[in-house]
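*Asks:* The following file, start-v5.txt, comprises compact mmCIF, C-alpha atoms and all ligand atoms:
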# COMPACT_ATOMS: atom_id res chain seq x y z
CA MET A 1 0.00 0.00 0.00
CA SER A 2 1.26 3.46 -0.77
CA ASP A 3 2.42 5.63 2.13
CA LYS A 4 -0.06 8.24 1.04
CA LYS A 5 -2.97 5.89 1.66
CA LEU A 6 -1.53 4.69 4.96
CA SER A 7 -1.17 8.20 6.28
CA ARG A 8 -4.94 8.30 6.71
CA PRO A 9 -7.20 5.66 8.28
CA VAL A 10 -8.56 3.02 5.92
CA TYR A 11 -12.08 4.14 5.01
CA LEU A 12 -14.60 1.34 5.49
CA ASP A 13 -17.71 3.37 6.27
CA ASN A 14 -19.25 3.67 2.82
CA HIS A 15 -22.80 3.42 4.20
CA ALA A 16 -22.35 6.73 6.02
CA THR A 17 -21.06 8.52 2.96
CA THR A 18 -18.71 7.98 0.05
CA GLN A 19 -15.80 9.75 -1.57
CA THR A 20 -17.02 11.85 -4.47
CA ASP A 21 -15.84 10.27 -7.71
CA PRO A 22 -13.23 12.50 -9.41
CA ARG A 23 -15.25 12.28 -12.65
CA VAL A 24 -18.22 13.73 -10.77
CA VAL A 25 -16.16 16.55 -9.28
CA GLU A 26 -14.84 17.37 -12.74
CA ALA A 27 -18.36 17.51 -14.20
CA MET A 28 -19.48 19.86 -11.42
CA LEU A 29 -16.63 22.37 -11.43
CA PRO A 30 -17.69 24.63 -14.36
CA TYR A 31 -21.08 25.17 -12.75
CA PHE A 32 -19.52 26.86 -9.71
CA ASN A 33 -17.60 29.58 -11.52
CA LYS A 34 -18.00 29.81 -15.30
CA SER A 35 -21.54 28.57 -15.92
CA PHE A 36 -22.86 29.82 -12.60
CA GLY A 37 -26.31 31.02 -13.68
CA ASN A 38 -29.54 30.50 -11.80
CA PRO A 39 -31.29 27.66 -13.65
CA HIS A 40 -34.58 29.49 -13.15
CA SER A 41 -33.40 32.71 -14.84
CA GLY A 42 -35.37 32.55 -18.06
CA SER A 43 -34.22 35.80 -19.61
CA HIS A 44 -30.55 35.27 -20.45
CA TYR A 45 -27.81 32.92 -21.54
CA TYR A 46 -26.48 32.16 -18.05
CA GLY A 47 -29.86 30.93 -16.90
CA TRP A 48 -30.45 28.84 -20.03
CA GLU A 49 -27.02 27.25 -19.77
CA ALA A 50 -27.60 26.21 -16.13
CA ALA A 51 -31.15 25.05 -16.92
CA ASP A 52 -29.88 22.88 -19.80
CA ALA A 53 -27.33 21.28 -17.47
CA VAL A 54 -29.97 20.61 -14.82
CA GLU A 55 -32.31 19.03 -17.37
CA LEU A 56 -29.52 16.83 -18.71
CA ALA A 57 -28.87 15.72 -15.13
CA ARG A 58 -32.57 15.04 -14.59
CA GLY A 59 -32.45 12.72 -17.59
CA GLN A 60 -29.40 10.90 -16.22
CA VAL A 61 -31.11 10.43 -12.86
CA ALA A 62 -34.29 9.19 -14.55
CA ASP A 63 -32.40 6.75 -16.79
CA SER A 64 -30.60 5.20 -13.83
CA ILE A 65 -33.89 4.05 -12.26
CA GLY A 66 -35.97 3.42 -15.39
CA ALA A 67 -38.09 6.56 -14.96
CA SER A 68 -38.81 9.45 -17.30
CA PRO A 69 -37.37 12.92 -16.61
CA GLU A 70 -40.71 14.52 -15.72
CA GLU A 71 -41.06 11.99 -12.89
CA ILE A 72 -37.89 13.23 -11.14
CA TYR A 73 -37.97 16.00 -8.50
CA PHE A 74 -34.61 17.18 -7.18
CA THR A 75 -34.33 17.45 -3.39
CA SER A 76 -31.51 18.05 -0.90
CA GLY A 77 -31.17 14.30 -0.37
CA ALA A 78 -33.03 11.24 0.77
CA THR A 79 -34.15 12.72 4.10
CA GLU A 80 -36.05 15.44 2.30
CA ALA A 81 -37.37 13.07 -0.38
CA ASN A 82 -38.64 10.68 2.29
CA ASN A 83 -40.35 13.50 4.20
CA ILE A 84 -42.03 14.79 1.04
CA ALA A 85 -43.10 11.29 0.02
CA LEU A 86 -44.67 10.25 3.30
CA LYS A 87 -46.04 13.54 4.60
CA GLY A 88 -46.82 15.03 1.20
CA ALA A 89 -48.78 12.05 -0.11
CA THR A 90 -50.56 11.29 3.18
CA ARG A 91 -51.61 14.90 3.73
CA PHE A 92 -52.90 15.13 0.16
CA TYR A 93 -54.96 11.92 0.24
CA ARG A 94 -55.92 11.57 3.90
CA GLU A 95 -59.57 12.59 3.38
CA LYS A 96 -59.92 9.47 1.21
CA LYS A 97 -57.52 7.04 2.88
CA ASN A 98 -55.68 7.55 6.13
CA HIS A 99 -53.62 4.46 6.95
CA ILE A 100 -49.96 3.88 6.08
CA VAL A 101 -47.70 0.89 6.60
CA THR A 102 -43.96 0.95 7.14
CA CYS A 103 -41.33 -1.15 8.85
CA VAL A 104 -39.45 -0.97 12.17
CA THR A 105 -36.01 -1.00 10.53
CA GLU A 106 -36.56 2.05 8.33
CA HIS A 107 -34.26 5.08 8.50
CA PRO A 108 -35.16 7.56 11.29
CA CYS A 109 -36.46 10.09 8.75
CA ILE A 110 -39.16 7.59 7.71
CA LEU A 111 -39.96 6.47 11.26
CA ASP A 112 -40.19 10.05 12.52
CA SER A 113 -42.27 11.17 9.55
CA ALA A 114 -44.65 8.28 10.28
CA HIS A 115 -44.83 9.33 13.95
CA ASP A 116 -45.56 12.92 12.89
CA LEU A 117 -48.40 11.68 10.69
CA ALA A 118 -49.71 9.52 13.52
CA SER A 119 -49.86 12.60 15.74
CA GLU A 120 -51.97 14.24 13.02
CA GLY A 121 -54.44 11.37 13.13
CA THR A 122 -53.13 8.96 10.50
CA ARG A 123 -53.12 5.30 11.49
CA VAL A 124 -49.64 3.80 11.10
CA THR A 125 -48.65 0.12 11.11
CA PHE A 126 -44.99 -0.71 11.75
CA LEU A 127 -44.15 -4.17 10.37
CA GLU A 128 -41.62 -6.33 12.22
CA VAL A 129 -38.75 -8.09 10.46
CA GLY A 130 -37.28 -11.58 10.82
CA SER A 131 -33.70 -12.39 11.85
CA ASP A 132 -32.80 -12.07 8.17
CA GLY A 133 -33.92 -8.43 8.30
CA LEU A 134 -36.83 -8.92 5.88
CA ILE A 135 -40.55 -8.32 6.31
CA ASP A 136 -43.04 -11.15 5.96
CA LEU A 137 -45.36 -10.64 2.99
CA ASP A 138 -48.23 -12.32 4.85
CA ASN A 139 -47.92 -9.75 7.61
CA LEU A 140 -48.02 -6.99 5.00
CA LYS A 141 -51.11 -8.54 3.42
CA ASP A 142 -52.81 -8.71 6.81
CA ALA A 143 -51.96 -5.07 7.52
CA ILE A 144 -53.51 -3.71 4.32
CA THR A 145 -57.15 -2.56 4.59
CA ASP A 146 -59.51 -0.49 2.42
CA ASP A 147 -58.19 2.58 4.24
CA THR A 148 -54.52 1.90 3.36
CA LEU A 149 -53.03 4.64 1.23
CA LEU A 150 -49.32 3.93 1.16
CA VAL A 151 -46.70 1.36 2.07
CA SER A 152 -43.11 2.52 2.61
CA VAL A 153 -40.39 -0.14 2.77
CA MET A 154 -36.73 0.60 2.12
CA THR A 155 -34.92 -1.26 -0.65
CA VAL A 156 -31.62 -1.69 1.24
CA GLN A 157 -31.16 -1.36 4.99
CA ASN A 158 -28.39 1.08 5.90
CA GLU A 159 -26.90 -0.88 8.82
CA ILE A 160 -27.15 -4.52 7.77
CA GLY A 161 -27.33 -4.10 3.98
CA THR A 162 -30.29 -6.42 3.57
CA VAL A 163 -32.45 -6.18 0.44
CA GLN A 164 -36.24 -6.28 0.80
CA PRO A 165 -38.33 -8.04 -1.90
CA ILE A 166 -39.61 -4.75 -3.29
CA ALA A 167 -41.10 -6.07 -6.55
CA GLU A 168 -43.24 -8.58 -4.63
CA ILE A 169 -44.23 -5.97 -2.06
CA GLY A 170 -45.23 -3.67 -4.93
CA GLU A 171 -47.29 -6.36 -6.60
CA LEU A 172 -49.21 -6.92 -3.39
CA CYS A 173 -49.71 -3.17 -2.95
CA HIS A 174 -51.01 -2.73 -6.47
CA GLN A 175 -53.47 -5.61 -6.10
CA HIS A 176 -55.01 -3.56 -3.29
CA GLU A 177 -54.64 -0.14 -4.96
CA VAL A 178 -52.06 0.95 -2.43
CA LEU A 179 -49.09 3.15 -3.34
CA LEU A 180 -45.56 1.85 -2.72
CA HIS A 181 -42.76 4.15 -1.65
CA THR A 182 -39.21 2.90 -1.23
CA ASP A 183 -36.18 4.58 0.31
CA ALA A 184 -33.49 3.45 -2.12
CA ALA A 185 -30.69 5.62 -0.70
CA GLN A 186 -28.47 2.58 -0.07
CA ALA A 187 -29.57 0.73 -3.19
CA LEU A 188 -28.65 3.12 -5.99
CA GLY A 189 -25.42 1.94 -7.60
CA LYS A 190 -25.33 -1.19 -5.45
CA MET A 191 -27.94 -3.12 -7.46
CA SER A 192 -29.90 -2.46 -10.65
CA LEU A 193 -32.95 -0.32 -10.02
CA ASP A 194 -36.00 -0.08 -12.25
CA VAL A 195 -39.07 1.57 -10.80
CA LYS A 196 -41.39 -0.27 -13.18
CA ALA A 197 -39.94 -3.74 -12.64
CA MET A 198 -39.94 -3.01 -8.88
CA ASN A 199 -43.62 -1.87 -8.94
CA VAL A 200 -42.62 1.31 -7.12
CA ASP A 201 -44.70 4.52 -7.25
CA LEU A 202 -42.42 6.76 -5.19
CA MET A 203 -38.66 6.36 -4.68
CA SER A 204 -36.09 8.35 -2.72
CA ILE A 205 -32.42 8.46 -3.73
CA THR A 206 -29.41 10.54 -2.77
CA GLY A 207 -26.02 11.38 -4.27
CA HIS A 208 -23.60 11.11 -1.40
CA LYS A 209 -24.14 7.40 -0.72
CA VAL A 210 -23.08 6.60 -4.27
CA TYR A 211 -19.93 8.68 -4.96
CA GLY A 212 -21.82 11.90 -5.62
CA PRO A 213 -21.99 15.20 -3.77
CA MET A 214 -23.71 15.69 -0.43
CA GLY A 215 -26.82 17.84 -0.53
CA CYS A 216 -28.54 16.56 -3.66
CA GLY A 217 -30.97 13.72 -4.16
CA ALA A 218 -34.29 13.09 -5.82
CA LEU A 219 -37.82 11.92 -5.34
CA TYR A 220 -39.35 9.83 -8.12
CA LEU A 221 -43.13 10.20 -8.43
CA THR A 222 -44.87 8.03 -10.98
CA LYS A 223 -47.01 9.86 -13.53
CA LYS A 224 -49.12 6.77 -14.33
CA PRO A 225 -51.31 7.54 -12.47
CA ARG A 226 -49.81 10.74 -11.18
CA VAL A 227 -49.07 10.69 -7.43
CA LYS A 228 -50.24 13.94 -5.85
CA ILE A 229 -48.31 15.65 -3.09
CA LYS A 230 -49.11 18.41 -0.63
CA PRO A 231 -45.79 20.29 -0.61
CA LEU A 232 -43.94 20.78 2.67
CA PHE A 233 -42.51 24.19 1.63
CA SER A 234 -44.01 27.33 0.17
CA GLY A 235 -41.90 28.97 -2.49
CA GLY A 236 -41.36 30.10 -6.03
CA GLY A 237 -42.86 27.16 -7.83
CA GLN A 238 -39.67 25.28 -8.75
CA GLU A 239 -39.91 21.51 -9.25
CA LYS A 240 -43.63 21.99 -10.02
CA SER A 241 -44.02 23.39 -6.47
CA ILE A 242 -43.40 19.94 -5.01
CA ARG A 243 -39.99 21.10 -3.82
CA PRO A 244 -39.66 24.86 -4.35
CA GLY A 245 -36.31 26.62 -3.96
CA THR A 246 -33.46 27.43 -6.35
CA LEU A 247 -31.97 24.22 -7.66
CA PRO A 248 -28.26 23.84 -6.83
CA ALA A 249 -27.14 23.45 -10.45
CA PRO A 250 -23.59 22.21 -9.67
CA LEU A 251 -24.95 19.57 -7.29
CA CYS A 252 -27.65 18.50 -9.74
CA VAL A 253 -25.00 18.12 -12.44
CA GLY A 254 -22.87 16.05 -10.06
CA PHE A 255 -25.80 13.91 -9.01
CA GLY A 256 -26.69 13.31 -12.68
CA LYS A 257 -23.14 12.21 -13.49
CA THR A 258 -23.16 10.01 -10.38
CA CYS A 259 -26.30 8.25 -11.56
CA GLU A 260 -24.89 7.76 -15.04
CA LEU A 261 -21.73 6.17 -13.61
CA ALA A 262 -23.73 4.06 -11.14
CA ALA A 263 -25.79 2.52 -13.91
CA ILE A 264 -22.68 1.73 -15.98
CA GLU A 265 -20.52 0.39 -13.17
CA VAL A 266 -23.01 -1.36 -10.91
CA GLU A 267 -22.35 -4.91 -12.09
CA GLY A 268 -18.56 -4.88 -12.21
CA GLU A 269 -18.42 -3.09 -8.90
CA ALA A 270 -20.80 -5.53 -7.25
CA LYS A 271 -18.66 -8.46 -8.34
CA ARG A 272 -15.45 -6.91 -7.03
CA LEU A 273 -16.98 -5.86 -3.71
CA ARG A 274 -18.70 -9.19 -3.13
CA GLN A 275 -15.45 -11.04 -3.58
CA MET A 276 -13.53 -8.75 -1.21
CA ARG A 277 -16.36 -8.83 1.35
CA ASP A 278 -16.69 -12.63 1.29
CA GLU A 279 -12.93 -13.11 1.61
CA LEU A 280 -12.85 -10.71 4.54
CA LEU A 281 -15.54 -12.71 6.34
CA THR A 282 -13.73 -15.98 5.62
CA THR A 283 -10.46 -14.58 6.95
CA LEU A 284 -12.14 -13.35 10.13
CA ASN A 285 -13.89 -16.68 10.66
CA ASN A 286 -10.69 -18.65 10.02
CA ASN A 287 -8.80 -16.66 12.63
CA LEU A 288 -11.40 -15.85 15.28
CA PHE A 289 -14.16 -17.68 17.09
CA GLY A 290 -17.56 -16.12 17.77
CA VAL A 291 -17.98 -13.88 14.73
CA HIS A 292 -21.70 -13.58 13.88
CA VAL A 293 -23.12 -12.02 10.73
CA ASN A 294 -26.11 -9.79 11.48
CA GLY A 295 -28.98 -10.15 9.01
CA GLY A 296 -29.29 -12.63 6.16
CA MET A 297 -26.25 -13.08 3.96
CA LYS A 298 -28.18 -13.98 0.81
CA GLN A 299 -30.33 -10.88 0.35
CA ARG A 300 -27.58 -8.35 1.02
CA ILE A 301 -25.71 -5.77 -1.00
CA PRO A 302 -22.16 -6.82 -1.86
CA GLY A 303 -20.27 -4.09 0.02
CA ASN A 304 -21.91 -4.62 3.40
CA LEU A 305 -20.68 -6.71 6.28
CA ASN A 306 -22.29 -6.27 9.69
CA ILE A 307 -20.83 -8.57 12.33
CA SER A 308 -20.94 -9.03 16.06
CA VAL A 309 -17.81 -10.25 17.78
CA GLU A 310 -18.59 -12.23 20.92
CA GLY A 311 -17.22 -10.73 24.10
CA VAL A 312 -15.76 -7.65 22.39
CA ASP A 313 -17.29 -4.25 23.02
CA ALA A 314 -17.45 -2.37 19.72
CA GLU A 315 -16.62 1.00 21.26
CA SER A 316 -13.42 -0.41 22.80
CA LEU A 317 -12.54 -2.15 19.57
CA MET A 318 -12.95 1.01 17.51
CA ALA A 319 -10.93 2.96 20.07
CA ALA A 320 -8.12 0.43 19.59
CA LEU A 321 -8.36 0.85 15.81
CA PRO A 322 -7.93 4.54 15.01
CA ASP A 323 -6.34 3.41 11.74
CA LEU A 324 -9.70 2.02 10.54
CA ALA A 325 -12.79 4.13 9.82
CA VAL A 326 -15.65 1.73 10.59
CA SER A 327 -18.83 2.22 12.54
CA SER A 328 -20.70 0.24 15.11
CA GLY A 329 -24.21 -1.03 14.57
CA SER A 330 -25.00 1.09 17.57
CA ALA A 331 -26.46 4.51 16.89
CA CYS A 332 -24.40 6.56 19.28
CA THR A 333 -25.57 9.82 20.66
CA SER A 334 -22.86 11.94 22.25
CA ALA A 335 -24.20 11.33 25.75
CA SER A 336 -25.03 7.64 25.64
CA ALA A 337 -24.22 4.72 23.39
CA LYS A 338 -27.50 2.94 22.90
CA ALA A 339 -27.85 -0.30 21.02
CA SER A 340 -29.10 -0.09 17.44
CA TYR A 341 -32.87 -0.45 17.01
CA VAL A 342 -32.17 -2.32 13.78
CA LEU A 343 -30.13 -5.02 15.51
CA ASP A 344 -32.74 -5.17 18.23
CA ALA A 345 -35.42 -5.69 15.57
CA ILE A 346 -33.60 -8.70 14.08
CA GLY A 347 -33.44 -10.24 17.54
CA LEU A 348 -29.90 -9.56 18.75
CA THR A 349 -29.21 -9.49 22.47
CA THR A 350 -27.95 -6.16 23.82
CA ASP A 351 -24.52 -7.74 24.34
CA LEU A 352 -24.22 -8.81 20.73
CA ALA A 353 -25.65 -5.50 19.49
CA GLU A 354 -22.99 -3.66 21.49
CA SER A 355 -20.36 -5.90 19.88
CA SER A 356 -21.39 -5.04 16.34
CA LEU A 357 -19.31 -3.53 13.59
CA ARG A 358 -20.59 -2.21 10.29
CA ILE A 359 -18.03 -2.53 7.54
CA GLY A 360 -18.88 -0.82 4.26
CA LEU A 361 -16.65 -1.43 1.24
CA GLY A 362 -16.94 0.89 -1.73
CA ARG A 363 -15.75 1.87 -5.20
CA PHE A 364 -12.44 3.24 -3.88
CA THR A 365 -11.67 0.44 -1.42
CA LEU A 366 -8.46 -1.39 -2.38
CA GLN A 367 -7.78 -5.07 -1.80
CA GLU A 368 -4.69 -4.23 0.25
CA GLU A 369 -6.79 -1.98 2.47
CA VAL A 370 -9.17 -4.87 3.17
CA ASN A 371 -6.22 -7.16 3.91
CA TYR A 372 -4.79 -4.56 6.28
CA ALA A 373 -8.16 -4.15 8.00
CA ALA A 374 -8.57 -7.92 8.40
CA ASN A 375 -5.15 -8.25 10.06
CA ARG A 376 -5.72 -5.30 12.37
CA LEU A 377 -9.21 -6.52 13.37
CA ILE A 378 -7.87 -10.00 14.20
CA GLU A 379 -4.96 -8.49 16.16
CA GLU A 380 -7.06 -6.13 18.29
CA ILE A 381 -9.92 -8.57 18.86
CA ARG A 382 -7.42 -11.14 20.17
CA ASN A 383 -5.85 -8.44 22.32
CA ILE A 384 -9.12 -7.38 23.87
CA ARG A 385 -10.09 -10.98 24.55
CA LYS A 386 -6.70 -11.73 26.11
CA ASN A 387 -6.89 -8.70 28.40
CA ARG A 388 -10.41 -9.61 29.43
CA GLN A 389 -9.28 -13.11 30.30
CA VAL A 390 -6.40 -11.73 32.39
CA LEU A 391 -8.88 -9.43 34.13
CA SER A 392 -11.35 -12.21 34.87
CA VAL A 393 -8.58 -14.51 36.15
CA ASN A 394 -7.35 -11.70 38.42
CA ALA A 395 -10.88 -11.08 39.62
CA ALA A 396 -11.30 -14.77 40.48
CA GLU A 397 -8.13 -14.81 42.57
C1 LIG A 401 -28.30 8.19 4.26
C2 LIG A 401 -29.69 7.68 4.22
C3 LIG A 401 -30.77 8.56 4.24
C4 LIG A 401 -30.59 10.05 4.33
O1 LIG A 401 -30.07 10.56 3.14
P1 LIG A 401 -29.50 12.06 3.07
O2 LIG A 401 -29.30 12.28 1.62
O3 LIG A 401 -28.23 12.03 3.86
O4 LIG A 401 -30.52 12.95 3.64
C5 LIG A 401 -32.03 8.03 4.18
N1 LIG A 401 -32.23 6.72 4.11
C6 LIG A 401 -31.21 5.84 4.10
C7 LIG A 401 -31.50 4.38 4.00
C8 LIG A 401 -29.91 6.29 4.15
O5 LIG A 401 -28.91 5.42 4.16
Please, can you express the file's structure as C-alpha cells?

*Replies:*
Amino acid sequence: MSDKKLSRPVYLDNHATTQTDPRVVEAMLPYFNKSFGNPHSGSHYYGWEAADAVELARGQVADSIGASPEEIYFTSGATEANNIALKGATRFYREKKNHIVTCVTEHPCILDSAHDLASEGTRVTFLEVGSDGLIDLDNLKDAITDDTLLVSVMTVQNEIGTVQPIAEIGELCHQHEVLLHTDAAQALGKMSLDVKAMNVDLMSITGHKVYGPMGCGALYLTKKPRVKIKPLFSGGGQEKSIRPGTLPAPLCVGFGKTCELAAIEVEGEAKRLRQMRDELLTTLNNNLFGVHVNGGMKQRIPGNLNISVEGVDAESLMAALPDLAVSSGSACTSASAKASYVLDAIGLTTDLAESSLRIGLGRFTLQEEVNYAANRLIEEIRNIRKNRQVLSVNAAE
C-alpha cells in the first residue's frame, strides 16, 4: 500500500457517505464559476445554460432508475425526499384514505415522519422483520385494509445491507390499490434499479451514498397515475411546487453524473466488492471464534458486512483501531451509546448488538486496504479478549 494511503485511516464506512468520484467533481466544477447562472433565470444565456445542465442531469437520474425525466424531482437528499413522500402524499390523500404501513427497521427520517403523521391522526402500522432483516409478505397482506393509502419499505437497509423483496411488495400493494414508496438511498449503484420492474410509485435516492456530492438527491413520483403531493414548503414554484427553492445546479450536475456512472458500473463493482467482502468474512472466521453475521447473507448488497464479535465491546474495539474508519451497529448519541434499534429488531441481544461492527466497502476500497483491515481486526480482537481473560482470572483470585 502506498504511504499516502496509509497516512490516513482506511475508510470502510461507505454506508455513512462515500468519496465523491473525481469524474463527478470534474463535471461539477464549471457550474460553480463559469456557468454559474440560476437555472430558473429565463431571460438570459447564463440561466439557459444552467437550466440545460440541470435538465440533462434530470435525464441521467431518470435513466438510472428506469423513470422518465418529468417523474424526477430534485431534493436536498433522501431525508427530504422521504419526508415529502410520506407527509406530502398522506396529507394530500388523507380525506380518502388515512392508513400507512412501514417497517421498524426504516431510517429515522421515515420512522419520525410516520410518527408525525400519527400525531396528526393517520393510522400507522410498523411491520416487524425476521432475523434475516426482511418483512413477511403475509404480515403486510394482513396489515392492508380499504383505508390503506401507502406502504413505505426501504430497498436496502443502511446498517445490515439487507435487500427487501420490493417487486413482490409492490405487486401486493397494487393488487389492493395501495401506493408503494421505497427509500433506495443505499440501493442506488449497489444493485440495478427499475421503478417499473420493482412496482414502485415513489422512490427516494441521494447522491452522497453513491460517490456523488452531499446535498442533492431526488424523489421519483410516478405519472401513471400521477401521485399527488401536498408540498412541505411554500416557495417560487420550482420543481412543479413539489420542492420549491433554487436548484443547486452544480450539485444537480454532479448527481446526474453520479447516476450515469452508477448505472454503468453497478455490475462490475458488485462483483469486485462481493469477492472482497466474502474473503474478509472468511479470513475473520478462520482466525477468530464467535464472529456472527447480522442479518441474512443472501439478500444483502455486496459491500456490506455487519458482524458481532462475541465478548468484544465495539466501542473499545474502535478505540483500539484509530487506523480504521468503521462504525458500530449502535447509533451513538454523544451522551449515551444505545444499542441499534435495527439489531434489536432482528433479535440480537444487547450484548451482541454492542459488539457489532458495520463494515462498508466501496468503489475506492483497495484489496490491500481490506487485507490490512482484516489483520488489524484480528490483532485487536485477540488483544481485547486476552486482556479480558487476564482481568477475569485476576478477579477470580
Ligand atoms: C443516508 C440515508 C438517508 C438520508 O439521506 P441524506 O441524503 O443524507 O438525507 C435516508 N435513508 C437511508 C437508507 C440512508 O442510508

*Asks:* Compile the contact shell of stretch 12-19 of chain A as an MDAnalysis selection string: residues with an atom at most 7 Å away, counting all atoms listed in the file, same-chain residues fewer than 5 positions apart removed.

*Replies:* chainID A and resid 158 208:211 325:327 359:362

*Asks:* Counting all atoms listed in the file, which of A:Ser64, A:Thr122, A:Ser76, A:Gln367 gets nearest to ligand LIG 401 (chain A)?

*Replies:*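 Selected residue with least distance to ligand LIG 401 (chain A): A:Ser76.
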
*Asks:* Pull the neighbourhood of (-26.6, -9.9, 11.7) for me: all residues within 10 Å in file coordinates, counting all atoms listed in the file, as a list in words.

*Replies:* Ser131, Asp132, Gly133, Glu159, Ile160, Gly161, Thr162, Val291, His292, Val293, Asn294, Gly295, Gly296, Met297, Leu305, Asn306, Ile307, Ser308, Gly329, Val342, Leu343, Ile346, Gly347, Leu348, Leu352, Ala353, Ser356, Leu357 and Arg358 of chain A

*Asks:* One decimal, in Å: what's the spacing between atom CA of A:Glu368 and atom CA of A:Leu280?

*Replies:*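 Interatomic distance here is 11.3 Å.
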
*Asks:* Please identify the residues whose atoms come within 6 Å of ligand LIG 401 (chain A), using all atoms listed in the file, and report them as a PyMOL selection string.

*Replies:* chain A and resi 77-79+107+157-158+183+185-186+206

*Asks:* Within 7 Å of (-48.8, 0.1, -8.7) (coordinates as in the file), grab all the protein and nucleic acid residues, counting all atoms listed in the file, and write them out as a list of chain:residue names.

*Replies:*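 Collected hits near the coordinates: A:Gly170, A:Glu171, A:Cys173, A:His174, A:Glu177, A:Leu179, A:Asn199, A:Val200, A:Asp201.
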
*Asks:* Just give me the gap between atom CA of A:Ser43 and atom CA of A:Gly217 in Å, one decimal is fine.

*Replies:*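 Computing it gives 27.1 Å between the two atoms.
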
*Asks:* Find the residues around A:Leu111 up to 9 Å (all atoms listed in the file counted), leave out those fewer than 6 positions away in its own chain, and share them as a ChimeraX atom specification.

*Replies:* /A:102-105,126

*Asks:* Compare A:Leu140, A:Leu221, A:Ala167, A:Leu247 by their minimum atom-to-atom distance to A:Ala197, counting only C-alpha atoms, and give me the closest one.

*Replies:*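 Using only C-alpha atoms, A:Ala197 sits closest to A:Ala167.
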
*Asks:* Report, in Å with one decimal, the straight-line distance from atom CA of A:Ser41 to atom CA of A:Ala53.

*Replies:* 13.2 Å

*Asks:* Rank A:Ala249, A:Leu281, A:Ala81, A:Leu232 by their smallest atom-to-atom distance to A:Glu49, using all atoms listed in the file, and report the top residue only.

*Replies:* A:Ala249

*Asks:* Pick out the residues sitting within 8 Å of A:Thr246, and hand them over as a list in words; count all atoms listed in the file, and ignore anything fewer than 3 positions along from it in its own chain.

*Replies:* Asn38, Pro39, His40 and Gln238 of chain A

*Asks:* Calculated over only C-alpha atoms, which of the candidates A:Arg274, A:Ala373, A:Asp194, A:Asn304 has the smallest distance to A:Asp323?

*Replies:*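 Closest to A:Asp323 of all the choices is A:Ala373.
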